[in-house]
$ cat final.csv   # CSV, N, CA and C atoms
chain,number,residue,atom,x,y,z
B,1,MET,N,117.3,23.9,-66.9
B,1,MET,CA,118.0,24.3,-65.8
B,1,MET,C,118.9,23.2,-65.2
B,2,VAL,N,120.1,23.5,-65.0
B,2,VAL,CA,121.1,22.5,-64.5
B,2,VAL,C,121.0,22.5,-63.0
B,3,PRO,N,120.8,21.3,-62.4
B,3,PRO,CA,120.7,21.2,-60.9
B,3,PRO,C,122.1,21.6,-60.3
B,4,PRO,N,122.1,22.0,-59.0
B,4,PRO,CA,123.3,22.5,-58.4
B,4,PRO,C,124.4,21.4,-58.4
B,5,GLU,N,124.0,20.1,-58.3
B,5,GLU,CA,125.0,19.1,-58.4
B,5,GLU,C,125.8,19.1,-59.7
B,6,GLY,N,125.0,19.3,-60.8
B,6,GLY,CA,125.6,19.3,-62.1
B,6,GLY,C,126.6,20.5,-62.3
B,7,ARG,N,126.3,21.7,-61.7
B,7,ARG,CA,127.2,22.8,-61.8
B,7,ARG,C,128.5,22.5,-61.0
B,8,ALA,N,128.3,21.9,-59.8
B,8,ALA,CA,129.5,21.6,-59.0
B,8,ALA,C,130.4,20.6,-59.8
B,9,MET,N,129.8,19.7,-60.4
B,9,MET,CA,130.6,18.7,-61.2
B,9,MET,C,131.3,19.4,-62.3
B,10,LYS,N,130.7,20.3,-63.0
B,10,LYS,CA,131.3,21.1,-64.1
B,10,LYS,C,132.5,21.9,-63.6
B,11,ARG,N,132.3,22.5,-62.4
B,11,ARG,CA,133.4,23.3,-61.8
B,11,ARG,C,134.6,22.4,-61.5
B,12,TRP,N,134.3,21.2,-60.9
B,12,TRP,CA,135.4,20.3,-60.5
B,12,TRP,C,136.1,19.8,-61.8
B,13,THR,N,135.4,19.5,-62.8
B,13,THR,CA,136.0,19.1,-64.1
B,13,THR,C,136.9,20.2,-64.6
B,14,CYS,N,136.4,21.4,-64.6
B,14,CYS,CA,137.2,22.5,-65.0
B,14,CYS,C,138.5,22.7,-64.2
B,15,VAL,N,138.3,22.6,-62.9
B,15,VAL,CA,139.5,22.7,-62.0
B,15,VAL,C,140.5,21.6,-62.3
B,16,ILE,N,140.1,20.4,-62.5
B,16,ILE,CA,141.0,19.3,-62.8
B,16,ILE,C,141.7,19.5,-64.1
B,17,ALA,N,141.0,20.0,-65.1
B,17,ALA,CA,141.6,20.3,-66.4
B,17,ALA,C,142.7,21.4,-66.2
B,18,VAL,N,142.4,22.4,-65.5
B,18,VAL,CA,143.3,23.5,-65.3
B,18,VAL,C,144.6,23.0,-64.5
B,19,LEU,N,144.4,22.2,-63.5
B,19,LEU,CA,145.5,21.6,-62.8
B,19,LEU,C,146.4,20.7,-63.6
B,20,ALA,N,145.7,19.9,-64.5
B,20,ALA,CA,146.5,19.0,-65.4
B,20,ALA,C,147.3,19.9,-66.3
B,21,PHE,N,146.7,21.0,-66.8
B,21,PHE,CA,147.5,21.9,-67.7
B,21,PHE,C,148.7,22.5,-67.0
B,22,LEU,N,148.5,22.9,-65.8
B,22,LEU,CA,149.6,23.5,-65.0
B,22,LEU,C,150.7,22.4,-64.7
B,23,ALA,N,150.3,21.2,-64.4
B,23,ALA,CA,151.2,20.2,-64.1
B,23,ALA,C,152.1,19.9,-65.3
B,24,MET,N,151.5,20.0,-66.5
B,24,MET,CA,152.3,19.8,-67.8
B,24,MET,C,153.3,20.9,-67.9
B,25,GLY,N,152.9,22.1,-67.7
B,25,GLY,CA,153.8,23.2,-67.9
B,25,GLY,C,154.9,23.2,-66.9
B,26,ILE,N,154.6,22.8,-65.6
B,26,ILE,CA,155.6,22.7,-64.6
B,26,ILE,C,156.6,21.6,-64.9
B,27,ALA,N,156.1,20.5,-65.4
B,27,ALA,CA,157.0,19.4,-65.7
B,27,ALA,C,158.0,19.8,-66.8
B,28,LEU,N,157.6,20.7,-67.7
B,28,LEU,CA,158.5,21.1,-68.7
B,28,LEU,C,159.3,22.3,-68.3
B,29,GLY,N,159.2,22.8,-67.0
B,29,GLY,CA,160.0,23.9,-66.5
B,29,GLY,C,159.6,25.2,-67.1
B,30,GLN,N,158.3,25.4,-67.5
B,30,GLN,CA,157.9,26.6,-68.1
B,30,GLN,C,157.1,27.5,-67.1
B,31,THR,N,157.1,28.8,-67.4
B,31,THR,CA,156.2,29.6,-66.6
B,31,THR,C,154.9,29.7,-67.2
B,32,SER,N,153.9,29.9,-66.4
B,32,SER,CA,152.5,30.0,-66.9
B,32,SER,C,151.6,30.9,-66.0
B,33,SER,N,150.5,31.3,-66.6
B,33,SER,CA,149.5,32.0,-65.9
B,33,SER,C,148.2,31.5,-66.4
B,34,VAL,N,147.3,31.1,-65.5
B,34,VAL,CA,146.0,30.6,-65.8
B,34,VAL,C,144.9,31.3,-65.0
B,35,GLU,N,143.8,31.6,-65.6
B,35,GLU,CA,142.7,32.3,-64.9
B,35,GLU,C,141.4,31.6,-65.2
B,36,SER,N,140.6,31.5,-64.2
B,36,SER,CA,139.2,31.0,-64.3
B,36,SER,C,138.3,31.9,-63.5
B,37,THR,N,137.0,32.0,-64.0
B,37,THR,CA,136.1,32.9,-63.3
B,37,THR,C,134.9,32.1,-62.9
B,38,THR,N,134.4,32.3,-61.7
B,38,THR,CA,133.2,31.6,-61.1
B,38,THR,C,132.2,32.7,-60.8
B,39,LYS,N,131.0,32.5,-61.2
B,39,LYS,CA,129.9,33.4,-60.9
B,39,LYS,C,128.9,32.7,-60.0
B,40,GLN,N,128.5,33.3,-58.9
B,40,GLN,CA,127.5,32.7,-58.0
B,40,GLN,C,126.4,33.6,-57.8
B,41,LYS,N,125.2,33.2,-58.0
B,41,LYS,CA,124.0,34.0,-57.8
B,41,LYS,C,123.5,33.9,-56.4
B,42,THR,N,123.3,35.0,-55.7
B,42,THR,CA,122.8,35.0,-54.4
B,42,THR,C,121.6,35.9,-54.3
B,43,SER,N,120.9,36.0,-53.2
B,43,SER,CA,119.8,36.8,-53.1
B,43,SER,C,120.2,38.3,-53.2
B,44,GLU,N,121.5,38.6,-52.9
B,44,GLU,CA,121.9,40.0,-53.0
B,44,GLU,C,122.5,40.4,-54.4
B,45,GLY,N,122.6,39.4,-55.3
B,45,GLY,CA,123.1,39.6,-56.6
B,45,GLY,C,124.1,38.6,-57.0
B,46,THR,N,124.9,38.8,-58.0
B,46,THR,CA,125.9,37.9,-58.5
B,46,THR,C,127.3,38.2,-58.0
B,47,ILE,N,127.9,37.2,-57.4
B,47,ILE,CA,129.3,37.3,-56.9
B,47,ILE,C,130.2,36.7,-57.9
B,48,LYS,N,131.2,37.5,-58.3
B,48,LYS,CA,132.1,37.0,-59.3
B,48,LYS,C,133.5,36.9,-58.7
B,49,THR,N,134.1,35.7,-58.8
B,49,THR,CA,135.4,35.4,-58.2
B,49,THR,C,136.3,34.9,-59.3
B,50,LYS,N,137.5,35.4,-59.4
B,50,LYS,CA,138.5,34.9,-60.3
B,50,LYS,C,139.5,34.2,-59.6
B,51,THR,N,139.9,33.0,-60.0
B,51,THR,CA,140.9,32.2,-59.5
B,51,THR,C,142.1,32.2,-60.5
B,52,LEU,N,143.2,32.6,-60.0
B,52,LEU,CA,144.4,32.7,-60.9
B,52,LEU,C,145.5,31.9,-60.3
B,53,THR,N,146.4,31.4,-61.2
B,53,THR,CA,147.6,30.7,-60.9
B,53,THR,C,148.7,31.2,-61.7
B,54,VAL,N,149.8,31.5,-61.0
B,54,VAL,CA,151.0,32.0,-61.7
B,54,VAL,C,152.2,31.0,-61.3
B,55,THR,N,152.8,30.5,-62.3
B,55,THR,CA,154.0,29.6,-62.1
B,55,THR,C,155.2,30.3,-62.6
B,56,GLY,N,156.2,30.4,-61.8
B,56,GLY,CA,157.4,31.1,-62.2
B,56,GLY,C,158.5,31.0,-61.2
B,57,ILE,N,159.5,31.8,-61.4
B,57,ILE,CA,160.7,31.8,-60.5
B,57,ILE,C,160.6,32.9,-59.4
B,58,VAL,N,161.0,32.5,-58.2
B,58,VAL,CA,160.9,33.4,-57.1
B,58,VAL,C,162.0,34.5,-57.2
B,59,LYS,N,161.6,35.7,-57.3
B,59,LYS,CA,162.6,36.8,-57.4
B,59,LYS,C,162.9,37.4,-56.0
B,60,ASP,N,161.9,37.5,-55.2
B,60,ASP,CA,162.0,38.1,-53.8
B,60,ASP,C,161.0,37.3,-52.9
B,61,TYR,N,161.4,37.1,-51.7
B,61,TYR,CA,160.6,36.4,-50.8
B,61,TYR,C,160.8,36.8,-49.3
B,62,GLU,N,159.8,37.3,-48.7
B,62,GLU,CA,159.8,37.6,-47.2
B,62,GLU,C,158.7,36.7,-46.6
B,63,PRO,N,159.2,35.7,-45.9
B,63,PRO,CA,158.2,34.8,-45.2
B,63,PRO,C,157.1,35.5,-44.4
B,64,GLY,N,155.9,35.1,-44.7
B,64,GLY,CA,154.7,35.7,-44.0
B,64,GLY,C,154.4,37.1,-44.4
B,65,LYS,N,155.1,37.7,-45.4
B,65,LYS,CA,154.9,39.1,-45.8
B,65,LYS,C,154.6,39.2,-47.3
B,66,LYS,N,155.5,38.8,-48.1
B,66,LYS,CA,155.3,39.0,-49.6
B,66,LYS,C,156.2,38.0,-50.4
B,67,ILE,N,155.8,37.8,-51.6
B,67,ILE,CA,156.6,37.0,-52.5
B,67,ILE,C,156.4,37.7,-53.9
B,68,THR,N,157.5,37.7,-54.6
B,68,THR,CA,157.5,38.2,-56.0
B,68,THR,C,158.0,37.1,-56.9
B,69,VAL,N,157.2,36.8,-57.9
B,69,VAL,CA,157.5,35.7,-58.9
B,69,VAL,C,157.6,36.3,-60.3
B,70,THR,N,158.7,35.9,-61.0
B,70,THR,CA,158.8,36.3,-62.4
B,70,THR,C,158.1,35.2,-63.2
B,71,GLY,N,157.0,35.6,-63.9
B,71,GLY,CA,156.2,34.6,-64.6
B,71,GLY,C,156.4,34.7,-66.1
B,72,PRO,N,155.3,34.4,-66.9
B,72,PRO,CA,155.4,34.5,-68.3
B,72,PRO,C,155.8,35.8,-68.8
B,73,LYS,N,156.5,35.8,-69.9
B,73,LYS,CA,157.0,37.0,-70.6
B,73,LYS,C,157.8,37.9,-69.6
B,74,ASP,N,158.5,37.3,-68.7
B,74,ASP,CA,159.3,38.0,-67.7
B,74,ASP,C,158.6,39.1,-66.9
B,75,LYS,N,157.3,38.9,-66.7
B,75,LYS,CA,156.5,39.8,-65.9
B,75,LYS,C,156.6,39.4,-64.5
B,76,ASP,N,156.8,40.5,-63.6
B,76,ASP,CA,156.9,40.2,-62.2
B,76,ASP,C,155.5,40.3,-61.5
B,77,TYR,N,155.1,39.4,-60.7
B,77,TYR,CA,153.9,39.3,-59.9
B,77,TYR,C,154.3,39.4,-58.5
B,78,THR,N,153.7,40.4,-57.7
B,78,THR,CA,154.0,40.5,-56.3
B,78,THR,C,152.7,40.2,-55.5
B,79,PHE,N,152.8,39.4,-54.5
B,79,PHE,CA,151.7,39.0,-53.7
B,79,PHE,C,152.0,39.2,-52.3
B,80,ASP,N,151.0,39.8,-51.6
B,80,ASP,CA,151.0,39.9,-50.1
B,80,ASP,C,150.6,38.5,-49.5
B,81,LEU,N,151.4,38.1,-48.5
B,81,LEU,CA,151.1,36.8,-47.8
B,81,LEU,C,150.5,37.1,-46.5
B,82,ASP,N,149.5,36.4,-46.1
B,82,ASP,CA,149.0,36.5,-44.7
B,82,ASP,C,149.0,35.1,-44.1
B,83,GLU,N,148.5,35.0,-42.8
B,83,GLU,CA,148.6,33.8,-42.1
B,83,GLU,C,147.7,32.7,-42.7
B,84,ASN,N,146.8,33.0,-43.6
B,84,ASN,CA,145.9,32.1,-44.3
B,84,ASN,C,146.5,31.4,-45.5
B,85,ALA,N,147.6,32.0,-46.0
B,85,ALA,CA,148.3,31.4,-47.2
B,85,ALA,C,149.0,30.1,-46.9
B,86,ALA,N,148.6,29.1,-47.6
B,86,ALA,CA,149.2,27.7,-47.3
B,86,ALA,C,150.6,27.7,-48.1
B,87,MET,N,151.6,27.4,-47.4
B,87,MET,CA,153.0,27.3,-48.0
B,87,MET,C,153.3,25.8,-48.0
B,88,LYS,N,153.5,25.3,-49.2
B,88,LYS,CA,153.8,23.9,-49.4
B,88,LYS,C,155.2,23.7,-50.0
B,89,GLY,N,156.1,23.2,-49.2
B,89,GLY,CA,157.5,23.1,-49.6
B,89,GLY,C,158.4,24.2,-49.1
B,90,SER,N,159.7,24.1,-49.4
B,90,SER,CA,160.6,25.2,-49.1
B,90,SER,C,160.7,26.2,-50.2
B,91,VAL,N,160.4,27.4,-49.9
B,91,VAL,CA,160.4,28.5,-50.9
B,91,VAL,C,161.7,29.3,-50.8
B,92,GLN,N,162.4,29.4,-51.9
B,92,GLN,CA,163.7,30.1,-51.9
B,92,GLN,C,163.8,30.9,-53.2
B,93,VAL,N,164.5,32.0,-53.1
B,93,VAL,CA,164.8,32.8,-54.3
B,93,VAL,C,165.5,32.0,-55.3
B,94,GLY,N,165.1,32.1,-56.6
B,94,GLY,CA,165.7,31.4,-57.7
B,94,GLY,C,165.0,30.1,-58.0
B,95,GLU,N,164.1,29.6,-57.1
B,95,GLU,CA,163.4,28.3,-57.3
B,95,GLU,C,162.1,28.6,-57.9
B,96,GLN,N,161.5,27.5,-58.5
B,96,GLN,CA,160.2,27.6,-59.2
B,96,GLN,C,159.1,27.4,-58.2
B,97,VAL,N,158.0,28.2,-58.3
B,97,VAL,CA,156.9,28.0,-57.4
B,97,VAL,C,155.6,28.2,-58.3
B,98,LYS,N,154.5,27.8,-57.7
B,98,LYS,CA,153.2,28.0,-58.3
B,98,LYS,C,152.4,28.7,-57.2
B,99,VAL,N,151.9,29.9,-57.5
B,99,VAL,CA,151.1,30.7,-56.6
B,99,VAL,C,149.6,30.8,-57.1
B,100,SER,N,148.7,30.3,-56.2
B,100,SER,CA,147.3,30.3,-56.5
B,100,SER,C,146.7,31.4,-55.7
B,101,TYR,N,145.8,32.3,-56.3
B,101,TYR,CA,145.2,33.3,-55.6
B,101,TYR,C,143.8,33.6,-56.2
B,102,THR,N,143.0,34.3,-55.4
B,102,THR,CA,141.6,34.7,-55.9
B,102,THR,C,141.5,36.2,-55.9
B,103,LYS,N,140.7,36.7,-56.8
B,103,LYS,CA,140.4,38.1,-56.9
B,103,LYS,C,138.9,38.2,-56.8
B,104,SER,N,138.4,39.0,-55.9
B,104,SER,CA,137.0,39.2,-55.7
B,104,SER,C,136.8,40.7,-55.3
B,105,ASP,N,135.5,41.0,-55.0
B,105,ASP,CA,135.2,42.4,-54.6
B,105,ASP,C,136.0,42.8,-53.3
B,106,GLY,N,136.3,41.7,-52.5
B,106,GLY,CA,137.0,42.0,-51.2
B,106,GLY,C,138.5,42.1,-51.4
B,107,GLY,N,139.0,42.0,-52.6
B,107,GLY,CA,140.5,42.1,-52.8
B,107,GLY,C,141.1,40.8,-53.2
B,108,ASP,N,142.4,40.9,-53.4
B,108,ASP,CA,143.2,39.7,-53.8
B,108,ASP,C,143.6,38.9,-52.5
B,109,ARG,N,143.6,37.5,-52.6
B,109,ARG,CA,143.9,36.7,-51.5
B,109,ARG,C,144.7,35.5,-52.0
B,110,VAL,N,146.0,35.3,-51.5
B,110,VAL,CA,146.8,34.2,-51.9
B,110,VAL,C,146.2,33.0,-51.1
B,111,THR,N,146.0,31.9,-51.8
B,111,THR,CA,145.5,30.7,-51.2
B,111,THR,C,146.6,29.7,-51.0
B,112,THR,N,147.5,29.5,-52.0
B,112,THR,CA,148.6,28.5,-51.8
B,112,THR,C,149.8,29.0,-52.6
B,113,VAL,N,151.0,28.6,-52.0
B,113,VAL,CA,152.3,28.8,-52.7
B,113,VAL,C,152.9,27.4,-52.6
B,114,VAL,N,153.2,26.8,-53.8
B,114,VAL,CA,153.8,25.4,-53.9
B,114,VAL,C,155.2,25.5,-54.5
B,115,ALA,N,156.2,25.0,-53.8
B,115,ALA,CA,157.5,25.0,-54.2
B,115,ALA,C,157.8,23.8,-55.1
B,116,TYR,N,158.6,24.0,-56.1
B,116,TYR,CA,159.0,22.9,-57.0
B,116,TYR,C,160.5,22.8,-56.9
B,117,PRO,N,161.1,21.7,-56.4
B,117,PRO,CA,162.6,21.6,-56.3
B,117,PRO,C,163.2,21.6,-57.7
B,118,SER,N,164.3,22.3,-57.8
B,118,SER,CA,165.1,22.4,-59.1
B,118,SER,C,165.8,21.1,-59.3
B,119,ALA,N,166.3,20.9,-60.5
B,119,ALA,CA,167.1,19.7,-60.8
B,119,ALA,C,168.4,19.6,-59.9
B,120,SER,N,169.0,20.8,-59.6
B,120,SER,CA,170.2,20.9,-58.9
B,120,SER,C,170.0,20.5,-57.4
B,121,SER,N,168.8,20.7,-56.9
B,121,SER,CA,168.5,20.5,-55.5
B,121,SER,C,168.1,19.0,-55.2
B,122,LYS,N,167.8,18.3,-56.2
B,122,LYS,CA,167.4,16.9,-56.0
B,122,LYS,C,168.6,16.0,-55.7
B,123,LYS,N,168.4,15.2,-54.7
B,123,LYS,CA,169.5,14.3,-54.3
B,123,LYS,C,169.3,13.0,-55.0
B,124,THR,N,170.4,12.4,-55.4
B,124,THR,CA,170.4,11.1,-56.1
B,124,THR,C,171.4,10.2,-55.3
B,125,THR,N,171.1,9.0,-55.3
B,125,THR,CA,171.9,8.0,-54.6
B,125,THR,C,172.4,7.0,-55.6
B,126,LYS,N,173.6,6.6,-55.5
B,126,LYS,CA,174.2,5.6,-56.4
B,126,LYS,C,174.6,4.4,-55.7
B,127,LYS,N,174.2,3.3,-56.2
B,127,LYS,CA,174.5,2.0,-55.5
B,127,LYS,C,175.9,1.5,-56.1
B,128,THR,N,176.7,1.1,-55.1
B,128,THR,CA,178.0,0.6,-55.5
B,128,THR,C,178.1,-0.9,-55.1
B,129,ALA,N,178.9,-1.6,-55.9
B,129,ALA,CA,179.1,-3.1,-55.5
B,129,ALA,C,180.1,-3.2,-54.4
B,130,ALA,N,179.8,-4.1,-53.5
B,130,ALA,CA,180.7,-4.2,-52.3
B,130,ALA,C,181.8,-5.2,-52.6
$ encode --input "final.csv" --output "C-alpha cells"
Amino acid sequence: MVPPEGRAMKRWTCVIAVLAFLAMGIALGQTSSVESTTKQKTSEGTIKTKTLTVTGIVKDYEPGKKITVTGPKDKDYTFDLDENAAMKGSVQVGEQVKVSYTKSDGGDRVTTVVAYPSASSKKTTKKTAA
C-alpha cells in the first residue's frame, strides 16, 4: 500500500510532466488537448475527476460569460466562464490560449485561461548608435 504522501508525489510528477508537454506544444505554436483522471476514495465511494487542457486559437470571447477555442483537428471547444475562472493575460479573438478545466459529477468547471501573445503583438526595441 502506497502512503498518501507517495500518491501526492506521483500526482505532482504527472502534473509537471503534462505541463512540460503543453509548454513544448505551445512553444511550437501548435494546438493540443490533454486529459488526466484522478480517482479519490472516500467513505461515500470513489470520486472521479478529469482535468483537461485545450490549447488553441480564440474564435469567440465574451468576458465573464464564455470562450470558444479552435483546438486540435479544427474542433471548436466552448466553455462557460464564471467568477472563479482565473484569467491570465489579455484574451483576444485570433490569439492563442490554454484553457484548463475539470469534469466531475458536478459538471464542467473552467479553472484557468492563459493567453499567449502572438509574434505580431510582441514589441521589440532596437538600439541605435548616437
$ closest_residue --input "final.csv" --among "B:Thr102, B:Asp80, B:Thr70, B:Gln92" --to "Leu52 in chain B" --atoms "all atoms listed in the file"
B:Thr102
$ residues_near_point --input "final.csv" --point "(138.2, 40.5, -55.5)" --cutoff "10 Å" --atoms "only C-alpha atoms" --output "PyMOL selection string"
chain B and resi 47-51+102-109
$ atom_distance --input "final.csv" --atom1 "CA of Tyr77 in chain B" --atom2 "CA of Val99 in chain B"
9.6 Å
$ atom_distance --input "final.csv" --atom1 "CA of Val69 in chain B" --atom2 "CA of Val54 in chain B"
8.0 Å
$ atom_distance --input "final.csv" --atom1 "CA of Val114 in chain B" --atom2 "atom N of Val93 in chain B"
12.6 Å
$ residues_around --input "final.csv" --residues "Lys66 in chain B" --least-positions-apart "3" --cutoff "6.5 Å" --atoms "only N, CA and C atoms" --output "list in words"
Asp60, Tyr61, Glu62, Pro63, Phe79, Asp80 and Leu81 of chain B
$ closest_residue --input "final.csv" --among "B:Asp76, B:Gln40, B:Val97, B:Asp82" --to "Gly64 in chain B" --atoms "all atoms listed in the file"
B:Asp82
$ decode --input "final.csv" --residues "range 48-84 of chain B" --atoms "C-alpha atoms" --output "compact mmCIF listing (two decimals), in the first residue's frame"
# COMPACT_ATOMS: atom_id res chain seq x y z
CA LYS B 48 -13.54 10.59 -10.32
CA THR B 49 -12.33 13.94 -11.63
CA LYS B 50 -10.93 14.59 -15.11
CA THR B 51 -8.61 17.51 -15.67
CA LEU B 52 -8.42 18.63 -19.28
CA THR B 53 -6.40 21.27 -21.09
CA VAL B 54 -7.10 22.62 -24.56
CA THR B 55 -4.62 24.88 -26.35
CA GLY B 56 -5.85 26.68 -29.43
CA ILE B 57 -6.95 29.90 -31.10
CA VAL B 58 -9.76 32.03 -29.62
CA LYS B 59 -12.72 32.00 -32.01
CA ASP B 60 -15.21 33.87 -29.81
CA TYR B 61 -14.86 35.52 -26.40
CA GLU B 62 -17.38 37.20 -24.09
CA PRO B 63 -15.57 38.29 -20.89
CA GLY B 64 -17.07 36.64 -17.82
CA LYS B 65 -19.52 34.62 -19.92
CA LYS B 66 -17.95 32.23 -22.44
CA ILE B 67 -14.98 31.46 -24.65
CA THR B 68 -14.77 29.33 -27.80
CA VAL B 69 -11.37 27.92 -28.76
CA THR B 70 -10.49 26.15 -32.01
CA GLY B 71 -8.21 23.31 -30.93
CA PRO B 72 -6.75 20.16 -32.45
CA LYS B 73 -8.18 18.97 -35.77
CA ASP B 74 -10.07 22.30 -36.06
CA LYS B 75 -12.54 21.20 -33.36
CA ASP B 76 -14.32 24.03 -31.50
CA TYR B 77 -14.45 23.87 -27.70
CA THR B 78 -16.91 26.22 -25.95
CA PHE B 79 -16.56 26.92 -22.24
CA ASP B 80 -18.80 28.83 -19.84
CA LEU B 81 -16.82 31.24 -17.67
CA ASP B 82 -17.78 32.18 -14.14
CA GLU B 83 -16.26 34.45 -11.49
CA ASN B 84 -13.98 31.62 -10.31
